[in-house]
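Engineer: First the structure, which I've put down as structure tokens, then a few questions once you've had a look.
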Number of protein chains: 2
Amino acid sequence: MAQAVRHDAMRARNLALVLGEVNSRGSVTRAALAEITGLTKTTVSKLVADLIDAGLVVETGAVRDGERGRPGVVVRVSGEHVASVGLEINVDYLAVRVVDLSRTVRLRRTQAVDNRFAQPGDVVALLRNLALKAVDDAVDMGLRVVGGVLAVPGPVDQRTGTVHNAPNLGWRDVPVAALLELPFPVQVENEANLAALGELWFGSGLSDFLHVSGEIGIGAGLVVRGRLFQGSHGFAGELGHVVVSPDGPACRCGGRGCLEQYASQDALASATGLTPAANPHTTGAQAAATAGNGTQAPTTGNGTRGGAITGSGAQASPGGTTAGDISRIVARLEAEDPAALAACERAGWALGVALSSAINLVDPDTIVLGGIYGPLFPWIGEAVTATLTSRLGQMRDAVPPVVVSRLGTEAAALGAAGQVIQRVIADPAALLQT
Amino acid sequence: MAQAVRHDAMRARNLALVLGEVNSRGSVTRAALAEITGLTKTTVSKLVADLIDAGLVVETGAVRDGERGRPGVVVRVSGEHVASVGLEINVDYLAVRVVDLSRTVRLRRTQAVDNRFAQPGDVVALLRNLALKAVDDAVDMGLRVVGGVLAVPGPVDQRTGTVHNAPNLGWRDVPVAALLELPFPVQVENEANLAALGELWFGSGLSDFLHVSGEIGIGAGLVVRGRLFQGSHGFAGELGHVVVSPDGPACRCGGRGCLEQYASQDALASATGLTPAANPHTTGAQAAATAGNGTQAPTTGNGTRGGAITGSGAQASPGGTTAGDISRIVARLEAEDPAALAACERAGWALGVALSSAINLVDPDTIVLGGIYGPLFPWIGEAVTATLTSRLGQMRDAVPPVVVSRLGTEAAALGAAGQVIQRVIADPAALLQT
């Protein structure tokens, strides 16, 4: 009995060792795997066979690098069977992404809504509907969804899947994981942390950065040497509530002059002279609109929001939606509207002030601006860099470079899906047992 | 040859394994060591004998716990042979601490100076003199100093031992490790980081906290699950340059309204109406005054600084010196001087603003106020907590508790000495080879 337990533990460890090497190397022969891991060729062959049976890896006849160009059989991670779902509840959209084990995005579903006036139960029901349809479509593609992670804009108790406090949603102690009731395990995590992981796994290829997630709220995720820093209780990265001006406008968090009062989507819209659209929350109409594969339909004209579904298959362009307000702000900026330009100047300055505090505290290598700062970058980037240079230039040889994320608002949902993939790679045996 | 190398590596690993267990358990029998490590009793006995020969552990006949009270021989870390030196260059004092391998502080030397007007070479010569005398005294106590770490108030290139930029010293790119020329290896590290490690190893026993190091400058060190967070380049923790008010007073760093402009020793002295003493830097007189074991002589009356040496053997009270200005401020506070009370109120508010940003960004479990905030805590603590509660109370169930460090301004020098001890414990074989 004790021996059997020990054997199982060793097999689990070796499966993870082999799959980890295949994953990090892209493709590798069985002989090379034996050499790298120190396992016998017989053991490697048996482990690879088990991983093939579980649909986690495939063998392909490929031409290996080398002068002779001899064809050889290599093992690589399979994108054909196992998949994960990344889910996101944000203030003005819901998002679902299906990613396969080779980290290819296979399905994108985004729905513009306004969750500020909605009951948590209604929001979750809408997301559940969107997720189940995506899972059905994934099944049609031959994929098996093994787990999900849900991104929410606020601190989360990861043990219980409860949203502790999401001031921009008006949520407090909402047991969102329990409400969601999907046919696979779902963990709940902070949107800003997952967006940083999305950037790490699906973005620019950097491994040391502070990712700023601009939405209705503003969060950040710090990645140091490829690992997310989460603080003592998992609540790190609340950049939106870093103080820009201690006597500034009152903030939803209870403080004053927080970054969100200067650089959030609402602050920008308001300073541009755009009043957020009135939002009677009509979940019924929106839920009906989720059927079918809609095409990208950002609402750029008149502030009408809700009901638009974007994205379809793996070929959809990255970036997902940006909320209607941002498209309207961008339109004003392109027309060189003075109020819009001044709003971006002020937001860029405030971001620079908050980031100079963040750089002094956590010393990131690079600043990656994501979310709404993607489309706004041409009008906001310079003010951020100029503020950082004036505040930090004398202390440092070089101010951290400020770059723009290519992922836009889909970073968090991708990071969520990616985290499930990471868990499968780290412990494939858990999947083989089910 | 290859086998000999492999044997050496295995022996080094096993020596570290045994010493690590002895260190973490306090005292332990050879039989228990064999059981814990999985090594044979013969191997353990040989390793313990080597560690005894090197003076790293001792065997003592002790009464073991248990009903029969049988006497047994236990192994514990020896405090009688190997020691480390913690050094500190700060703006208004130099400090040397000798700590033995059992983490008992054996010697304390502190010298009040004013390094703001001094050449780096003169400052280093003064510290070298202080250190060599302390090492001589340690030798007289039968101790062998195996290494040192030097704490400096600013970011450091740890590879080269160069102080990158210490604005409060006026230092830029000073190769301080090379200048110091002590008869043992010395590494150079940031004062605020080492103060946090001092708190971890010699302080309150917490393992998750943000330690605030109040001096002429203000730094911080974040410890998460017993490990120091250093950021991407080792420059994290510059709390003194977190923005309190973006258009506030100009700061030495190039920014405006940084925390140091409200809550540093100079800011407090100035707001209290105390002008910092004029300081012709007379290193000759100060160097002469380092001879002998002086007694604690803080300059409380007239602002004369320099030349005072404090501390002596292991029995000296913790806390070291506080600079003259702080003693004068405390005297005013005890006399309920309105300007001094207002200065502390304002400093406490500013600390609360900066710490609310820090808590939002890095999520520490507890805030530990050290350095000058030790003696000032009765007048500053409430304002800090009140500001944190008003700014964070709505977002969080509980605001992190704010506690005072017992170590005062000696935290950094103790952390420096402790870091050498950590390295010896982690790799005793390196010491056995020398």
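FYI, nothing fancy with the structure tokens labels: chains A, B, ... in order, residues from 1 per chain, ligands from 1 as they appear.
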With 9 Å as the cut-off and only C-alpha atoms counted, what is the closest atom pair between each nearby residue of chain A and chain B? Distances in Å to one decimal, ordered by chain and number, as CSV.

Structural biologist:
```
residue,atom,partner,partner_atom,distance
A:His164,CA,B:Arg396,CA,8.3
A:Asn165,CA,B:Met395,CA,6.6
A:Ala166,CA,B:Met395,CA,8.4
A:Pro167,CA,B:Met395,CA,7.7
A:Asp208,CA,B:Ser232,CA,6.7
A:Phe209,CA,B:Ser232,CA,8.3
A:Ala220,CA,B:Leu361,CA,8.2
A:Val223,CA,B:Ser232,CA,8.9
A:Val224,CA,B:Ser232,CA,6.0
A:Arg225,CA,B:Ser232,CA,7.4
A:Phe229,CA,B:Val362,CA,8.3
A:Gln230,CA,B:Val362,CA,7.3
A:Gly231,CA,B:Asp363,CA,4.8
A:Ser232,CA,B:Pro364,CA,5.5
A:His233,CA,B:Asp363,CA,6.7
A:Gly234,CA,B:Asp363,CA,7.3
A:Phe235,CA,B:Asp363,CA,5.6
A:Ala236,CA,B:Val362,CA,4.5
A:Gly237,CA,B:Leu361,CA,4.5
A:Glu238,CA,B:Asn360,CA,4.8
A:Leu239,CA,B:Leu361,CA,5.9
A:Gly240,CA,B:Asn360,CA,8.4
A:His241,CA,B:Asn360,CA,6.5
A:Val242,CA,B:Ser357,CA,4.4
A:Val243,CA,B:Ser357,CA,5.9
A:Val244,CA,B:Pro246,CA,6.7
A:Ser245,CA,B:Ser245,CA,5.2
A:Pro246,CA,B:Ser245,CA,6.1
A:Asp247,CA,B:Ser245,CA,8.5
A:Arg252,CA,B:Gln394,CA,8.5
A:Cys253,CA,B:Met395,CA,5.5
A:Gly254,CA,B:Gln394,CA,5.5
A:Gly255,CA,B:Arg391,CA,4.2
A:Arg256,CA,B:Arg391,CA,7.3
A:Cys258,CA,B:Ser357,CA,9.0
A:Val353,CA,B:Pro246,CA,7.1
A:Ala354,CA,B:Val243,CA,7.6
A:Ser356,CA,B:Val242,CA,7.2
A:Ser357,CA,B:Val242,CA,4.4
A:Ala358,CA,B:Leu361,CA,7.2
A:Ile359,CA,B:Ala236,CA,7.6
A:Asn360,CA,B:Glu238,CA,4.8
A:Leu361,CA,B:Gly237,CA,4.5
A:Val362,CA,B:Ala236,CA,4.5
A:Asp363,CA,B:Ala236,CA,4.8
A:Pro364,CA,B:Ser232,CA,5.5
A:Asp365,CA,B:Ser232,CA,5.8
A:Ser390,CA,B:Gly255,CA,6.8
A:Arg391,CA,B:Gly255,CA,4.2
A:Leu392,CA,B:Gly254,CA,6.6
A:Gly393,CA,B:Gly254,CA,7.1
A:Gln394,CA,B:Gly254,CA,5.5
A:Met395,CA,B:Cys253,CA,5.6
A:Arg396,CA,B:Asn165,CA,7.7
A:Asp397,CA,B:His164,CA,8.9
```

Engineer: Just the alpha helix (DSSP H) stuff from range 27-236 of chain A, please, per backbone DSSP, written as a PyMOL selection string.

Structural biologist: chain A and resi 30-37+41-53+120-140+176-180+191-202

Engineer: I want to know what sits within 10 Å of Ser45 in chain A, based on only C-alpha atoms, with residues of the same chain fewer than 4 positions away left out; could you give that as a PDB file with N, CA, C and O atoms, in the first residue's frame?

Structural biologist:
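Final output, result_11.pdb:
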```pdb
ATOM      1  N   ARG A  30      11.939  11.577 -27.958  1.00  0.00           N
ATOM      2  CA  ARG A  30      11.937  10.750 -26.744  1.00  0.00           C
ATOM      3  C   ARG A  30      13.360  10.566 -26.224  1.00  0.00           C
ATOM      4  O   ARG A  30      13.586  10.575 -25.009  1.00  0.00           O
ATOM      5  N   ALA A  31      14.300  10.394 -27.142  1.00  0.00           N
ATOM      6  CA  ALA A  31      15.688  10.180 -26.713  1.00  0.00           C
ATOM      7  C   ALA A  31      16.209  11.405 -25.954  1.00  0.00           C
ATOM      8  O   ALA A  31      16.856  11.275 -24.907  1.00  0.00           O
ATOM      9  N   LEU A  33      14.383  13.557 -24.375  1.00  0.00           N
ATOM     10  CA  LEU A  33      13.675  13.606 -23.087  1.00  0.00           C
ATOM     11  C   LEU A  33      14.350  12.705 -22.054  1.00  0.00           C
ATOM     12  O   LEU A  33      14.475  13.081 -20.889  1.00  0.00           O
ATOM     13  N   ALA A  34      14.764  11.532 -22.498  1.00  0.00           N
ATOM     14  CA  ALA A  34      15.441  10.617 -21.573  1.00  0.00           C
ATOM     15  C   ALA A  34      16.734  11.257 -21.062  1.00  0.00           C
ATOM     16  O   ALA A  34      17.044  11.223 -19.874  1.00  0.00           O
ATOM     17  N   LEU A  39      15.670   9.925 -16.885  1.00  0.00           N
ATOM     18  CA  LEU A  39      14.863   8.693 -16.831  1.00  0.00           C
ATOM     19  C   LEU A  39      15.323   7.750 -17.945  1.00  0.00           C
ATOM     20  O   LEU A  39      15.929   8.173 -18.929  1.00  0.00           O
ATOM     21  N   THR A  40      14.998   6.457 -17.799  1.00  0.00           N
ATOM     22  CA  THR A  40      15.360   5.512 -18.861  1.00  0.00           C
ATOM     23  C   THR A  40      14.455   5.742 -20.075  1.00  0.00           C
ATOM     24  O   THR A  40      13.355   6.294 -19.953  1.00  0.00           O
ATOM     25  N   LYS A  41      14.927   5.295 -21.256  1.00  0.00           N
ATOM     26  CA  LYS A  41      14.119   5.457 -22.463  1.00  0.00           C
ATOM     27  C   LYS A  41      12.798   4.706 -22.344  1.00  0.00           C
ATOM     28  O   LYS A  41      11.767   5.160 -22.837  1.00  0.00           O
ATOM     29  N   ALA A  49       3.455   7.729 -23.752  1.00  0.00           N
ATOM     30  CA  ALA A  49       2.252   7.006 -24.202  1.00  0.00           C
ATOM     31  C   ALA A  49       1.043   7.394 -23.350  1.00  0.00           C
ATOM     32  O   ALA A  49      -0.057   7.618 -23.876  1.00  0.00           O
ATOM     33  N   ASP A  50       1.257   7.501 -22.031  1.00  0.00           N
ATOM     34  CA  ASP A  50       0.156   7.917 -21.142  1.00  0.00           C
ATOM     35  C   ASP A  50      -0.306   9.332 -21.474  1.00  0.00           C
ATOM     36  O   ASP A  50      -1.506   9.622 -21.456  1.00  0.00           O
ATOM     37  N   LEU A  51       0.640  10.231 -21.752  1.00  0.00           N
ATOM     38  CA  LEU A  51       0.286  11.616 -22.074  1.00  0.00           C
ATOM     39  C   LEU A  51      -0.433  11.694 -23.419  1.00  0.00           C
ATOM     40  O   LEU A  51      -1.343  12.516 -23.601  1.00  0.00           O
TER      41      LEU A  51
END
```

Engineer: Any idea what the distance is between CA of Glu334 in chain B and CA of Glu215 in chain B?

Structural biologist: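 Interatomic distance here is 20.5 Å.
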
Engineer: Applying 12 Å and only C-alpha atoms, which residues near Gly205 in chain A remain after dropping the ones on its own chain fewer than 6 positions away? List them as a short mmCIF file (atom, residue, chain, number, x, y, z; two decimals) with N, CA, C and O atoms, in the first residue's frame.

Structural biologist:
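Wrote it out as result.cif, contents follow:
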```
data_model
loop_
_atom_site.label_atom_id
_atom_site.label_comp_id
_atom_site.auth_asym_id
_atom_site.auth_seq_id
_atom_site.Cartn_x
_atom_site.Cartn_y
_atom_site.Cartn_z
N ALA A 196 -2.02 40.70 -16.03
CA ALA A 196 -0.55 40.66 -16.07
C ALA A 196 -0.07 39.29 -16.54
O ALA A 196 0.87 39.19 -17.33
N LEU A 197 -0.73 38.22 -16.07
CA LEU A 197 -0.35 36.88 -16.52
C LEU A 197 -0.69 36.68 -18.00
O LEU A 197 0.04 36.01 -18.72
N GLY A 198 -1.80 37.29 -18.45
CA GLY A 198 -2.13 37.25 -19.88
C GLY A 198 -1.01 37.87 -20.70
O GLY A 198 -0.58 37.33 -21.72
N GLU A 199 -0.53 39.01 -20.22
CA GLU A 199 0.59 39.69 -20.90
C GLU A 199 1.83 38.79 -20.91
O GLU A 199 2.55 38.70 -21.91
N VAL A 223 4.98 41.38 -12.41
CA VAL A 223 5.63 40.12 -12.74
C VAL A 223 7.13 40.31 -12.59
O VAL A 223 7.71 41.21 -13.19
N ARG A 225 10.69 38.18 -12.77
CA ARG A 225 11.31 36.94 -13.25
C ARG A 225 10.26 35.87 -13.56
O ARG A 225 10.36 34.72 -13.15
N GLY A 226 9.22 36.31 -14.30
CA GLY A 226 8.21 35.36 -14.77
C GLY A 226 7.19 34.91 -13.73
O GLY A 226 6.38 34.04 -14.00
N THR A 366 9.90 47.21 -16.63
CA THR A 366 9.19 47.86 -17.72
C THR A 366 7.75 48.12 -17.26
O THR A 366 7.22 47.37 -16.46
N VAL A 368 4.00 48.20 -18.68
CA VAL A 368 3.16 47.84 -19.83
C VAL A 368 1.77 48.42 -19.58
O VAL A 368 1.11 48.07 -18.60
N SER A 405 0.48 47.38 -24.30
CA SER A 405 0.12 45.97 -24.47
C SER A 405 -0.58 45.78 -25.79
O SER A 405 -1.37 46.61 -26.22
N ARG A 406 -0.32 44.64 -26.44
CA ARG A 406 -1.03 44.32 -27.67
C ARG A 406 -2.37 43.64 -27.37
O ARG A 406 -3.17 43.41 -28.28
#
```

Engineer: Figure out the distance between CA of Val123 in chain A and CA of Val82 in chain A, please, to one decimal in Å.

Structural biologist: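 For CA of Val82 in chain A relative to CA of Val123 in chain A, the distance reads 27.6 Å.
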
Engineer: Of the candidates A:Ala412, A:Leu333, A:Ile216, A:Leu432, which one gets nearest to Ile372 in chain A if we count only C-alpha atoms?

Structural biologist: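 So, comparing all the options, the nearest one is A:Ile216.
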
Engineer: Between CA of Val176 in chain A and CA of Asp157 in chain A, measure the distance and give it in Å to one decimal.

Structural biologist: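 Pair CA of Val176 in chain A / CA of Asp157 in chain A returns 10.5 Å.
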